$ cat run03.txt   # compact mmCIF, C-alpha atoms
# COMPACT_ATOMS: atom_id res chain seq x y z
CA MET A 1 61.07 -17.51 -14.93
CA PRO A 2 61.97 -15.44 -11.83
CA THR A 3 59.13 -14.08 -9.72
CA ILE A 4 58.47 -10.54 -8.58
CA LYS A 5 55.71 -8.91 -6.57
CA LEU A 6 53.22 -7.77 -9.16
CA SER A 7 52.20 -4.14 -8.90
CA LYS A 8 51.12 -1.22 -11.04
CA LEU A 9 54.76 -0.28 -11.62
CA VAL A 10 55.67 -3.79 -12.72
CA ALA A 11 52.65 -3.97 -15.04
CA ASP A 12 53.45 -0.58 -16.55
CA GLN A 13 57.06 -1.56 -17.21
CA ALA A 14 56.32 -5.03 -18.63
CA GLU A 15 57.50 -4.87 -22.25
CA PRO A 16 56.20 -7.07 -25.09
CA ARG A 17 58.46 -9.77 -26.48
CA SER A 18 58.47 -11.83 -29.63
CA GLU A 19 56.36 -14.45 -27.83
CA ARG A 20 53.74 -14.31 -25.11
CA TYR A 21 55.04 -14.72 -21.56
CA VAL A 22 53.82 -14.58 -17.94
CA LEU A 23 55.25 -12.66 -14.99
CA TRP A 24 54.53 -14.64 -11.80
CA ASP A 25 53.89 -13.08 -8.42
CA SER A 26 56.42 -13.79 -5.67
CA GLU A 27 53.88 -13.62 -2.83
CA LEU A 28 50.79 -15.34 -4.27
CA PRO A 29 51.75 -18.55 -6.12
CA GLY A 30 49.66 -19.03 -9.24
CA PHE A 31 48.91 -15.32 -9.73
CA GLY A 32 50.45 -13.86 -12.87
CA LEU A 33 50.41 -11.15 -15.53
CA ARG A 34 50.31 -12.45 -19.09
CA VAL A 35 51.90 -10.15 -21.70
CA THR A 36 51.41 -10.72 -25.44
CA SER A 37 53.60 -9.64 -28.34
CA ALA A 38 50.92 -7.03 -29.10
CA SER A 39 51.36 -5.48 -25.60
CA ALA A 40 48.02 -6.81 -24.26
CA LYS A 41 48.30 -7.45 -20.52
CA THR A 42 45.99 -9.82 -18.65
CA TRP A 43 45.83 -10.91 -15.01
CA VAL A 44 45.63 -14.71 -14.76
CA VAL A 45 45.52 -17.48 -12.19
CA LYS A 46 47.07 -20.90 -12.84
CA TYR A 47 46.23 -23.95 -10.73
CA ARG A 48 45.61 -27.69 -10.90
CA GLY A 49 42.02 -28.86 -10.94
CA GLU A 50 40.26 -32.08 -9.89
CA GLY A 51 42.00 -32.75 -6.60
CA GLY A 52 45.16 -30.75 -7.19
CA GLY A 53 47.51 -33.73 -7.58
CA ARG A 54 50.50 -33.86 -9.89
CA ASN A 55 48.45 -35.58 -12.58
CA ALA A 56 45.53 -33.14 -12.32
CA PRO A 57 44.91 -30.93 -15.36
CA ILE A 58 46.28 -27.40 -15.30
CA ARG A 59 43.60 -24.72 -15.31
CA TRP A 60 43.91 -21.07 -16.38
CA LEU A 61 41.49 -18.46 -15.07
CA THR A 62 41.41 -14.98 -16.62
CA ILE A 63 40.90 -12.33 -13.93
CA GLY A 64 40.81 -9.21 -16.10
CA THR A 65 42.81 -6.94 -18.35
CA TYR A 66 45.32 -4.28 -17.30
CA PRO A 67 44.97 -1.32 -16.83
CA THR A 68 41.18 -1.77 -16.75
CA LEU A 69 41.61 -3.91 -13.62
CA ALA A 70 44.13 -2.43 -11.18
CA ALA A 71 46.90 -4.57 -9.71
CA ALA A 72 45.54 -4.47 -6.15
CA LYS A 73 42.04 -5.52 -7.24
CA ALA A 74 43.45 -8.27 -9.47
CA ARG A 75 45.46 -9.61 -6.51
CA GLU A 76 42.31 -9.63 -4.37
CA LEU A 77 40.31 -11.55 -6.99
CA ALA A 78 43.17 -13.99 -7.59
CA SER A 79 43.44 -14.65 -3.86
CA LYS A 80 39.71 -15.45 -3.68
CA ALA A 81 39.96 -17.76 -6.68
CA LEU A 82 42.92 -19.66 -5.23
CA ALA A 83 41.13 -19.96 -1.89
CA ALA A 84 38.18 -21.50 -3.72
CA VAL A 85 40.57 -24.02 -5.30
CA LEU A 86 41.76 -25.08 -1.85
CA LEU A 87 38.13 -25.77 -0.97
CA GLY A 88 37.83 -28.13 -3.93
CA GLN A 89 36.16 -25.72 -6.34
CA ASP A 90 37.11 -25.16 -9.98
CA PRO A 91 36.64 -21.42 -10.75
CA ALA A 92 37.91 -21.67 -14.33
CA GLY A 93 35.70 -24.67 -15.11
CA ASP A 94 32.61 -23.06 -13.58
CA ALA A 95 33.22 -19.78 -15.38
CA ALA A 96 33.87 -21.53 -18.69
CA THR A 97 30.60 -23.43 -18.46
CA LYS A 98 28.60 -20.30 -17.79
CA ARG A 99 30.36 -18.35 -20.51
CA LYS A 100 29.70 -21.00 -23.10
CA GLU A 101 26.02 -20.87 -22.31
CA LEU A 102 25.48 -17.11 -22.28
CA ARG A 103 25.65 -14.52 -25.00
CA VAL A 104 24.65 -10.90 -24.49
CA VAL A 105 21.13 -11.54 -25.76
CA ASP A 106 20.77 -14.42 -23.27
CA LEU A 107 21.95 -12.17 -20.46
CA ILE A 108 19.38 -9.55 -21.44
CA ASP A 109 16.67 -12.23 -21.32
CA LEU A 110 17.82 -13.22 -17.82
CA TYR A 111 17.97 -9.56 -16.76
CA GLU A 112 14.38 -9.06 -17.88
CA LYS A 113 13.26 -11.98 -15.71
CA GLU A 114 15.35 -11.33 -12.60
CA GLY A 115 17.27 -8.05 -12.75
CA LEU A 116 14.80 -5.22 -13.32
CA VAL A 117 15.11 -3.54 -9.94
CA VAL A 118 15.94 0.02 -8.87
CA GLN A 119 19.72 0.40 -8.56
CA ARG A 120 20.00 3.50 -6.36
CA GLY A 121 18.18 5.82 -3.97
CA ILE A 122 15.76 4.94 -1.21
CA ARG A 123 13.95 2.41 -3.45
CA ILE A 124 17.07 0.35 -4.21
CA GLY A 125 16.27 -3.32 -4.71
CA ILE A 126 12.56 -2.65 -5.34
CA PRO A 127 11.19 -3.76 -8.73
CA MET A 128 11.12 -1.04 -11.37
CA LYS A 129 7.82 0.56 -12.20
CA PRO A 130 6.22 -1.23 -15.19
CA LEU A 131 6.68 1.77 -17.49
CA THR A 132 10.34 2.21 -16.48
CA ALA A 133 10.97 -1.50 -16.98
CA ARG A 134 9.32 -1.38 -20.40
CA TYR A 135 11.40 1.60 -21.55
CA THR A 136 14.58 -0.07 -20.24
CA MET A 137 13.93 -3.33 -22.05
CA ASN A 138 12.94 -1.51 -25.25
CA ARG A 139 16.29 0.28 -25.27
CA LEU A 140 18.16 -2.97 -24.63
CA ARG A 141 16.21 -4.88 -27.28
CA HIS A 142 16.34 -2.20 -29.96
CA HIS A 143 19.90 -0.94 -29.48
CA VAL A 144 22.02 -3.52 -27.63
CA VAL A 145 20.74 -6.78 -29.14
CA PRO A 146 21.27 -5.80 -32.81
CA LEU A 147 24.84 -4.61 -32.18
CA LEU A 148 26.15 -6.81 -29.35
CA GLY A 149 23.57 -9.57 -28.88
CA LYS A 150 25.54 -12.38 -30.54
CA LYS A 151 28.75 -11.77 -28.58
CA ARG A 152 29.64 -14.04 -25.68
CA LEU A 153 29.88 -12.19 -22.40
CA THR A 154 33.67 -12.48 -22.18
CA GLU A 155 34.06 -11.22 -25.74
CA VAL A 156 32.64 -7.79 -24.91
CA THR A 157 35.50 -5.32 -24.43
CA GLU A 158 35.73 -1.66 -23.51
CA GLY A 159 36.36 -0.97 -27.21
CA ASP A 160 33.11 -2.74 -28.12
CA ILE A 161 31.23 -0.50 -25.70
CA GLU A 162 32.80 2.62 -27.18
CA ALA A 163 31.97 1.44 -30.73
CA PHE A 164 28.41 0.66 -29.59
CA VAL A 165 27.91 4.19 -28.24
CA ARG A 166 29.22 5.71 -31.47
CA ALA A 167 26.89 3.52 -33.54
CA VAL A 168 23.77 4.45 -31.55
CA THR A 169 24.76 8.12 -31.51
CA ASN A 170 25.12 8.04 -35.30
CA GLY A 171 21.69 6.45 -35.73
CA LYS A 172 22.75 2.96 -36.78
CA THR A 173 19.95 1.35 -34.74
CA ALA A 174 17.26 3.91 -35.60
CA LYS A 175 14.23 2.58 -37.47
CA ASP A 176 10.60 3.26 -38.29
CA GLU A 177 8.71 0.04 -39.02
CA LYS A 178 5.01 -0.56 -39.51
CA LYS A 179 3.95 -3.70 -37.65
CA GLY A 180 0.21 -3.62 -38.13
CA PRO A 181 -2.80 -1.45 -39.02
CA ARG A 182 -2.26 0.84 -36.02
CA THR A 183 1.17 -0.21 -34.79
CA ARG A 184 4.54 1.29 -35.61
CA ILE A 185 7.92 0.71 -34.00
CA ILE A 186 9.90 3.93 -33.96
CA VAL A 187 13.45 3.72 -32.59
CA ARG A 188 15.43 6.93 -32.38
CA GLY A 189 19.19 7.02 -32.07
CA GLY A 190 21.30 10.00 -31.12
CA GLU A 191 23.41 11.07 -28.19
CA GLY A 192 20.62 10.89 -25.63
CA ALA A 193 19.58 7.38 -26.66
CA ALA A 194 23.20 6.22 -26.54
CA ARG A 195 23.75 7.69 -23.08
CA LYS A 196 20.61 6.14 -21.62
CA THR A 197 21.21 2.75 -23.22
CA VAL A 198 24.83 2.48 -22.09
CA ARG A 199 23.64 3.16 -18.51
CA ASP A 200 21.13 0.33 -18.94
CA LEU A 201 23.87 -1.92 -20.31
CA SER A 202 26.13 -1.10 -17.36
CA ALA A 203 23.32 -2.19 -15.02
CA VAL A 204 22.99 -5.44 -17.00
CA PHE A 205 26.70 -6.24 -16.66
CA SER A 206 26.64 -5.31 -12.95
CA PHE A 207 23.80 -7.80 -12.58
CA ALA A 208 25.92 -10.41 -14.41
CA LYS A 209 28.86 -9.65 -12.14
CA ARG A 210 26.72 -10.21 -9.03
CA ARG A 211 25.66 -13.55 -10.52
CA ARG A 212 29.35 -14.38 -11.16
CA LEU A 213 28.73 -14.67 -14.88
CA VAL A 214 31.46 -12.10 -15.58
CA ILE A 215 34.44 -10.93 -13.58
CA SER A 216 34.31 -7.26 -14.53
CA ASN A 217 31.92 -4.76 -16.09
CA PRO A 218 33.30 -3.55 -19.46
CA VAL A 219 31.12 -0.43 -19.39
CA THR A 220 32.78 0.86 -16.22
CA ALA A 221 36.19 1.39 -17.81
CA ALA A 222 34.97 2.31 -21.31
CA GLY A 223 35.65 5.85 -22.49
CA VAL A 224 31.99 6.82 -22.80
CA ARG A 225 29.82 9.39 -21.12
CA LYS A 226 27.19 7.76 -18.94
CA THR A 227 25.73 10.97 -17.50
CA ASP A 228 24.72 14.28 -19.02
CA ASN A 229 26.93 17.00 -17.55
CA ARG A 230 25.10 19.77 -19.33
CA ARG A 231 22.63 21.87 -17.38
CA GLU A 232 19.05 20.87 -17.92
CA ARG A 233 16.98 22.91 -20.38
CA TYR A 234 14.82 25.53 -18.68
CA LEU A 235 12.36 27.83 -20.39
CA SER A 236 12.52 31.57 -19.84
CA MET A 237 9.31 33.51 -19.20
CA GLU A 238 9.36 34.72 -22.82
CA GLU A 239 9.66 31.13 -24.04
CA ILE A 240 6.72 30.12 -21.83
CA ARG A 241 4.69 32.93 -23.41
CA ARG A 242 5.56 31.64 -26.89
CA LEU A 243 4.56 28.11 -25.88
CA GLY A 244 1.26 29.36 -24.49
CA ALA A 245 0.53 31.25 -27.70
CA ALA A 246 1.37 28.16 -29.76
CA LEU A 247 -1.00 26.00 -27.70
CA ASP A 248 -3.79 28.58 -28.10
CA ALA A 249 -3.23 28.73 -31.86
CA LEU A 250 -3.25 24.95 -32.27
CA GLU A 251 -6.44 24.67 -30.27
CA ALA A 252 -8.07 27.41 -32.38
CA GLU A 253 -7.14 25.42 -35.49
CA GLY A 254 -8.98 22.34 -34.23
CA CYS A 255 -6.36 20.50 -32.20
CA ASN A 256 -7.81 18.25 -29.50
CA PRO A 257 -7.92 20.41 -26.32
CA LYS A 258 -6.92 17.38 -24.26
CA ALA A 259 -3.41 17.65 -25.74
CA THR A 260 -3.10 21.40 -25.13
CA ASN A 261 -4.47 21.21 -21.59
CA ILE A 262 -2.10 18.38 -20.72
CA ALA A 263 0.78 20.62 -21.83
CA ARG A 264 -0.56 23.58 -19.82
CA LEU A 265 -0.74 21.42 -16.70
CA TRP A 266 2.83 20.23 -17.24
CA VAL A 267 3.92 23.84 -16.97
CA LEU A 268 1.62 24.72 -14.07
CA SER A 269 2.28 21.65 -11.91
CA GLY A 270 5.84 20.48 -12.59
CA CYS A 271 4.52 16.93 -12.83
CA ARG A 272 6.05 14.20 -14.96
CA ARG A 273 4.56 13.53 -18.38
CA ASN A 274 2.24 10.62 -17.57
CA GLU A 275 1.44 11.90 -14.08
CA ILE A 276 -0.69 14.48 -15.90
CA ALA A 277 -1.63 12.55 -19.04
CA GLY A 278 -2.79 9.59 -16.92
CA LEU A 279 -4.24 11.67 -14.06
CA ARG A 280 -7.45 10.34 -12.48
CA TRP A 281 -10.18 12.46 -10.91
CA SER A 282 -9.81 10.40 -7.73
CA GLU A 283 -6.24 11.75 -7.38
CA ILE A 284 -7.33 15.41 -7.18
CA ASP A 285 -8.24 17.02 -3.85
CA PHE A 286 -9.89 20.26 -4.99
CA GLU A 287 -10.68 21.43 -1.47
CA ARG A 288 -7.05 21.38 -0.30
CA GLY A 289 -5.46 22.03 -3.69
CA LEU A 290 -3.50 18.77 -3.85
CA LEU A 291 -2.67 15.98 -6.22
CA ILE A 292 -2.53 12.66 -4.37
CA LEU A 293 -0.91 10.38 -6.91
CA ALA A 294 -1.52 6.73 -6.13
CA ASP A 295 1.53 5.39 -7.95
CA SER A 296 4.11 7.87 -9.24
CA LYS A 297 7.71 7.07 -10.18
CA THR A 298 8.60 7.27 -6.49
CA GLY A 299 5.45 5.56 -5.21
CA ARG A 300 2.52 7.33 -3.59
CA SER A 301 3.11 11.09 -3.83
CA VAL A 302 1.31 14.20 -2.61
CA ARG A 303 1.85 17.40 -4.64
CA PRO A 304 0.66 20.90 -3.78
CA LEU A 305 -1.08 22.67 -6.66
CA GLY A 306 -1.12 26.38 -7.44
CA ALA A 307 -4.38 28.26 -7.93
CA ALA A 308 -3.99 28.35 -11.73
CA ALA A 309 -3.67 24.56 -11.97
CA VAL A 310 -6.64 24.05 -9.63
CA ALA A 311 -8.72 26.47 -11.72
CA LEU A 312 -7.89 24.67 -14.98
CA LEU A 313 -8.69 21.28 -13.46
CA GLY A 314 -11.91 22.67 -12.02
CA ALA A 315 -13.00 23.90 -15.46
CA LEU A 316 -12.25 20.48 -16.93
CA ARG A 317 -14.20 18.78 -14.13
CA ALA A 318 -17.25 20.90 -14.88
CA LYS A 319 -17.26 19.68 -18.49
CA ALA A 320 -16.34 16.05 -17.80
CA ALA A 321 -18.64 13.05 -17.82
CA ASP A 322 -19.74 12.07 -14.35
CA ASP A 323 -18.73 8.43 -14.77
CA GLY A 324 -15.28 9.09 -16.19
CA ASP A 325 -12.14 7.83 -14.44
CA PHE A 326 -9.38 9.73 -16.24
CA VAL A 327 -9.12 13.50 -16.48
CA PHE A 328 -8.02 12.99 -20.09
CA PRO A 329 -9.70 9.77 -21.26
CA ALA A 330 -8.68 8.11 -24.51
CA GLU A 331 -10.80 8.82 -27.57
CA ARG A 332 -11.22 5.06 -27.96
CA GLY A 333 -10.85 2.33 -25.37
CA THR A 334 -10.55 2.56 -21.60
CA GLY A 335 -7.07 4.08 -21.12
CA PHE A 336 -5.92 7.69 -21.02
CA TYR A 337 -5.34 10.04 -23.95
CA GLN A 338 -2.05 9.58 -25.83
CA GLY A 339 -2.55 12.05 -28.65
CA PHE A 340 -0.33 14.67 -27.01
CA GLN A 341 2.63 12.75 -28.46
CA GLN A 342 1.65 13.98 -31.94
CA VAL A 343 0.64 17.49 -30.85
CA TRP A 344 3.71 18.31 -28.77
CA PRO A 345 6.19 18.40 -31.72
CA ALA A 346 3.86 20.82 -33.52
CA ALA A 347 3.65 23.04 -30.44
CA VAL A 348 7.41 23.33 -29.91
CA LYS A 349 7.96 23.95 -33.62
CA ARG A 350 5.42 26.76 -33.70
CA ALA A 351 6.87 28.25 -30.50
CA ASP A 352 10.41 27.97 -31.93
CA LEU A 353 11.62 25.81 -29.03
CA PRO A 354 13.70 23.12 -30.78
CA GLY A 355 14.67 20.19 -28.61
CA VAL A 356 12.32 21.10 -25.73
CA THR A 357 10.64 18.03 -24.24
CA PRO A 358 7.73 17.72 -21.82
CA HIS A 359 10.28 16.94 -19.12
CA ALA A 360 11.88 20.34 -19.73
CA LEU A 361 8.65 21.89 -18.43
CA ARG A 362 9.14 20.02 -15.16
CA HIS A 363 12.67 21.42 -14.92
CA THR A 364 11.29 24.86 -15.76
CA PHE A 365 8.84 24.63 -12.86
CA GLY A 366 11.62 23.56 -10.50
CA SER A 367 13.98 26.29 -11.70
CA TRP A 368 11.41 29.03 -11.24
CA ALA A 369 10.59 27.74 -7.76
CA ALA A 370 14.27 27.79 -6.79
CA SER A 371 14.92 31.18 -8.42
CA SER A 372 11.98 32.64 -6.51
CA GLY A 373 13.86 31.91 -3.30
CA GLU A 374 12.04 28.73 -2.26
CA ALA A 375 14.16 26.39 -0.14
CA LEU A 376 15.33 23.24 -1.89
CA LEU A 377 13.25 21.16 0.52
CA MET A 378 10.15 23.02 -0.66
CA VAL A 379 11.17 22.64 -4.31
CA GLY A 380 11.51 18.90 -3.73
CA SER A 381 8.04 18.81 -2.19
CA LEU A 382 6.52 20.61 -5.18
CA LEU A 383 8.18 18.21 -7.61
CA GLY A 384 7.50 15.08 -5.57
CA HIS A 385 11.14 14.10 -5.11
CA ALA A 386 11.67 11.10 -2.86
CA ASN A 387 15.05 12.36 -1.63
CA ALA A 388 16.98 15.61 -1.45
CA ARG A 389 19.63 14.36 -3.87
CA SER A 390 17.23 14.68 -6.79
CA THR A 391 16.53 18.30 -5.90
CA GLN A 392 20.24 19.21 -5.92
CA LEU A 393 19.84 19.76 -9.66
CA TYR A 394 18.30 23.13 -8.77
CA ALA A 395 20.89 24.14 -6.15
CA HIS A 396 22.78 26.47 -8.51
CA ILE A 397 19.50 28.23 -9.36
CA ALA A 398 18.59 28.67 -5.71
CA TYR A 399 21.77 30.69 -5.25
CA ASP A 400 20.57 33.35 -7.72
CA PRO A 401 18.43 35.33 -5.22
CA ALA A 402 21.31 35.25 -2.75
CA ARG A 403 23.69 36.47 -5.46
CA LEU A 404 21.35 39.38 -6.25
CA ALA A 405 21.21 40.20 -2.55
CA ALA A 406 25.01 40.14 -2.48
CA ASP A 407 25.03 42.59 -5.40
CA ARG A 408 22.69 44.96 -3.53
CA VAL A 409 24.93 44.86 -0.46
CA THR A 410 28.25 45.21 -2.25
CA VAL A 411 27.34 47.97 -4.76
CA PRO A 412 27.41 50.77 -2.12
CA ILE A 413 30.48 49.23 -0.50
CA ALA A 414 32.27 49.19 -3.84
CA ALA A 415 31.20 52.79 -4.49
CA ALA A 416 32.62 53.81 -1.11
CA LEU A 417 35.91 52.07 -1.84
CA GLN A 418 36.12 53.77 -5.27
CA GLY A 419 39.58 53.64 -6.78
CA GLY A 420 38.36 52.44 -10.20
CA HIS A 421 38.83 48.76 -9.38
CA PHE A 422 35.21 47.72 -9.89
$ encode --input "run03.txt" --output "structure tokens"
Amino acid sequence: MPTIKLSKLVADQAEPRSERYVLWDSELPGFGLRVTSASAKTWVVKYRGEGGGRNAPIRWLTIGTYPTLAAAKARELASKALAAVLLGQDPAGDAATKRKELRVVDLIDLYEKEGLVVQRGIRIGIPMKPLTARYTMNRLRHHVVPLLGKKRLTEVTEGDIEAFVRAVTNGKTAKDEKKGPRTRIIVRGGEGAARKTVRDLSAVFSFAKRRRLVISNPVTAAGVRKTDNRRERYLSMEEIRRLGAALDALEAEGCNPKATNIARLWVLSGCRRNEIAGLRWSEIDFERGLLILADSKTGRSVRPLGAAAVALLGALRAKAADDGDFVFPAERGTGFYQGFQQVWPAAVKRADLPGVTPHALRHTFGSWAASSGEALLMVGSLLGHANARSTQLYAHIAYDPARLAADRVTVPIAAALQGGHF
């Protein structure tokens, strides 16, 4: 068959025939595009293994599918594979061996042992915090393993990823199982769970790619949303009033005040959920009005506290046992109080705030700080952000005071211009 320099144009114009065929590249011998009768197009490399002699067996190495893998990138990968052959290596044989050994569930096991590290930001490469790692593995175990766990790595396609996201979104992996006298496993599906889990799965396949267990990451090219483009949920002042009234009412009805005070401090401090629930007395500097968190999501973190938060913590300190470690100790055992997880749904229901999570209170704190005219650097300091990129979420809010100032300036100018255009 005649050769031609393989390119995007050539790949686009390659038509299916009654039988599968290969278009070979004119510049890189052994590099080809395989086209099936069903119009599937795959980049391949053909070479002779075990010494490269005329009697050596012919090997086929799959580089990736088109258009998921662009022509230029496929050429680059093919060139590297052929260079490895010249050095006496057998890329197809090595890849085949690894692929036979690993299924998705095996890869997830390996990822748990060696891949749970931060993927971005200033902490890149550092092991995940234990809680983050636990949440990540729970999502992988409860959502990915049931749906994709038995597939071999090379069997997972972009279509499988899209079907996986639809299944999790529709609640196929959701469950509520009792595992013991005081143990339940509750797995929730939905759009948020699907979005978080597919990000986790992308990290798993990126890990596999770095280990040369796969050539490409099927999540990257899948038609799924990996980020939430909607603006974060912020509470208005009226909604905060309703939440406060709901917390007061629940407490008056006998709810454990630890749960209600945790929620109040979420609003007053902008801290993450367990930064308050698991707060220790040793992390509070009452004299300077600071929280000095020993081990937050971003490591050691110092947070300024407002007078209201300091006053609430001071009142709790006055009632607390002298030998206690946690501000909100567990009712039983030595850990911190977890009962807020049952109280919070009741609070948001009574306040008519459907879908509002504890994290929304953190965003509310940040939004009010930005809307009050505080610089983004200051907002980041209040929230304990490790880098300015995290604080950019509130950039559009920070423009509001400037927009109001622009209104004040332009109203008289517009009036002077008149003409009925405004």
$ closest_residue --input "run03.txt" --among "A:Val144, A:Ser301, A:Thr157, A:Tyr111" --to "Arg210 of chain A" --atoms "all atoms listed in the file"
A:Tyr111
$ atom_distance --input "run03.txt" --atom1 "atom CA of Leu353 of chain A" --atom2 "atom CA of Thr260 of chain A"
15.9 Å
$ closest_residue --input "run03.txt" --among "A:Gly49, A:Pro257, A:Pro130, A:Gly244" --to "Leu316 of chain A" --atoms "only C-alpha atoms"
A:Pro257
$ residues_near_point --input "run03.txt" --point "(18.9, 3.3, -27.1)" --cutoff "10 Å" --atoms "only C-alpha atoms" --output "JSON, numbers by chain"
{"A": [135, 136, 137, 138, 139, 140, 141, 142, 143, 144, 165, 168, 169, 171, 173, 174, 187, 188, 189, 190, 191, 192, 193, 194, 195, 196, 197, 198, 199, 200, 201]}
$ atom_distance --input "run03.txt" --atom1 "atom CA of Ala347 of chain A" --atom2 "atom CA of Leu247 of chain A"
6.2 Å
$ atom_distance --input "run03.txt" --atom1 "atom CA of Asp325 of chain A" --atom2 "atom CA of Ile276 of chain A"
13.3 Å
$ residues_around --input "run03.txt" --residues "Met128 of chain A" --least-positions-apart "4" --cutoff "9 Å" --atoms "all atoms listed in the file" --output "list in words"
Leu116, Val117, Val118, Thr132, Ala133 and Lys297 of chain A
$ write_last_selection --input "run03.txt" --atoms "C-alpha atoms" --output "PDB file, keeping the file's coordinate frame"
ATOM      1  CA  LEU A 116      14.800  -5.220 -13.320  1.00  0.00           C
ATOM      2  CA  VAL A 117      15.110  -3.540  -9.940  1.00  0.00           C
ATOM      3  CA  VAL A 118      15.940   0.020  -8.870  1.00  0.00           C
ATOM      4  CA  THR A 132      10.340   2.210 -16.480  1.00  0.00           C
ATOM      5  CA  ALA A 133      10.970  -1.500 -16.980  1.00  0.00           C
ATOM      6  CA  LYS A 297       7.710   7.070 -10.180  1.00  0.00           C
TER       7      LYS A 297
END
$ residues_around --input "run03.txt" --residues "Glu158 of chain A" --least-positions-apart "3" --cutoff "12 Å" --atoms "only C-alpha atoms" --output "list in words"
Gly64, Thr65, Tyr66, Pro67, Thr68, Leu69, Thr154, Glu155, Ile161, Glu162, Ala163, Phe164, Val165, Val198, Ser202, Ser216, Asn217, Pro218, Val219, Thr220, Ala221, Ala222, Gly223 and Val224 of chain A
$ closest_residue --input "run03.txt" --among "A:Val85, A:Ala203, A:Ala263, A:Leu131" --to "Leu250 of chain A" --atoms "all atoms listed in the file"
A:Ala263
$ residues_near_point --input "run03.txt" --point "(-5.1, -1.0, -17.5)" --cutoff "12 Å" --atoms "all atoms listed in the file" --output "PyMOL selection string"
chain A and resi 130+278+325-326+333-336
$ write_last_selection --input "run03.txt" --atoms "C-alpha atoms" --output "short mmCIF file (atom, residue, chain, number, x, y, z; two decimals), in the frame of the given file"
data_model
loop_
_atom_site.label_atom_id
_atom_site.label_comp_id
_atom_site.auth_asym_id
_atom_site.auth_seq_id
_atom_site.Cartn_x
_atom_site.Cartn_y
_atom_site.Cartn_z
CA PRO A 130 6.22 -1.23 -15.19
CA GLY A 278 -2.79 9.59 -16.92
CA ASP A 325 -12.14 7.83 -14.44
CA PHE A 326 -9.38 9.73 -16.24
CA GLY A 333 -10.85 2.33 -25.37
CA THR A 334 -10.55 2.56 -21.60
CA GLY A 335 -7.07 4.08 -21.12
CA PHE A 336 -5.92 7.69 -21.02
#
$ closest_residue --input "run03.txt" --among "A:Ile262, A:Ala351, A:Ala318, A:Leu313" --to "Tyr337 of chain A" --atoms "all atoms listed in the file"
A:Ile262
$ axis_aligned_box --input "run03.txt" --around "segment 18-24 of chain A" --padding-each-side "3 Å" --output "AutoDock Vina command-line options"
--center_x 56.1 --center_y -13.3 --center_z -20.7 --size_x 10.7 --size_y 8.9 --size_z 23.8
$ closest_residue --input "run03.txt" --among "A:Ala208, A:Leu33, A:Leu82, A:Val302" --to "Asp109 of chain A" --atoms "only C-alpha atoms"
A:Ala208
$ residues_around --input "run03.txt" --residues "His363 of chain A" --least-positions-apart "2" --cutoff "8 Å" --atoms "all atoms listed in the file" --output "ChimeraX atom specification"
/A:232-234,270,359-361,365-367
$ residues_around --input "run03.txt" --residues "Leu290 of chain A" --least-positions-apart "4" --cutoff "9 Å" --atoms "only C-alpha atoms" --output "VMD selection string"
chain A and resid 283 to 286 302 to 306 310
$ closest_residue --input "run03.txt" --among "A:Ala249, A:Pro146, A:Arg288, A:Pro358" --to "Ala167 of chain A" --atoms "all atoms listed in the file"
A:Pro146
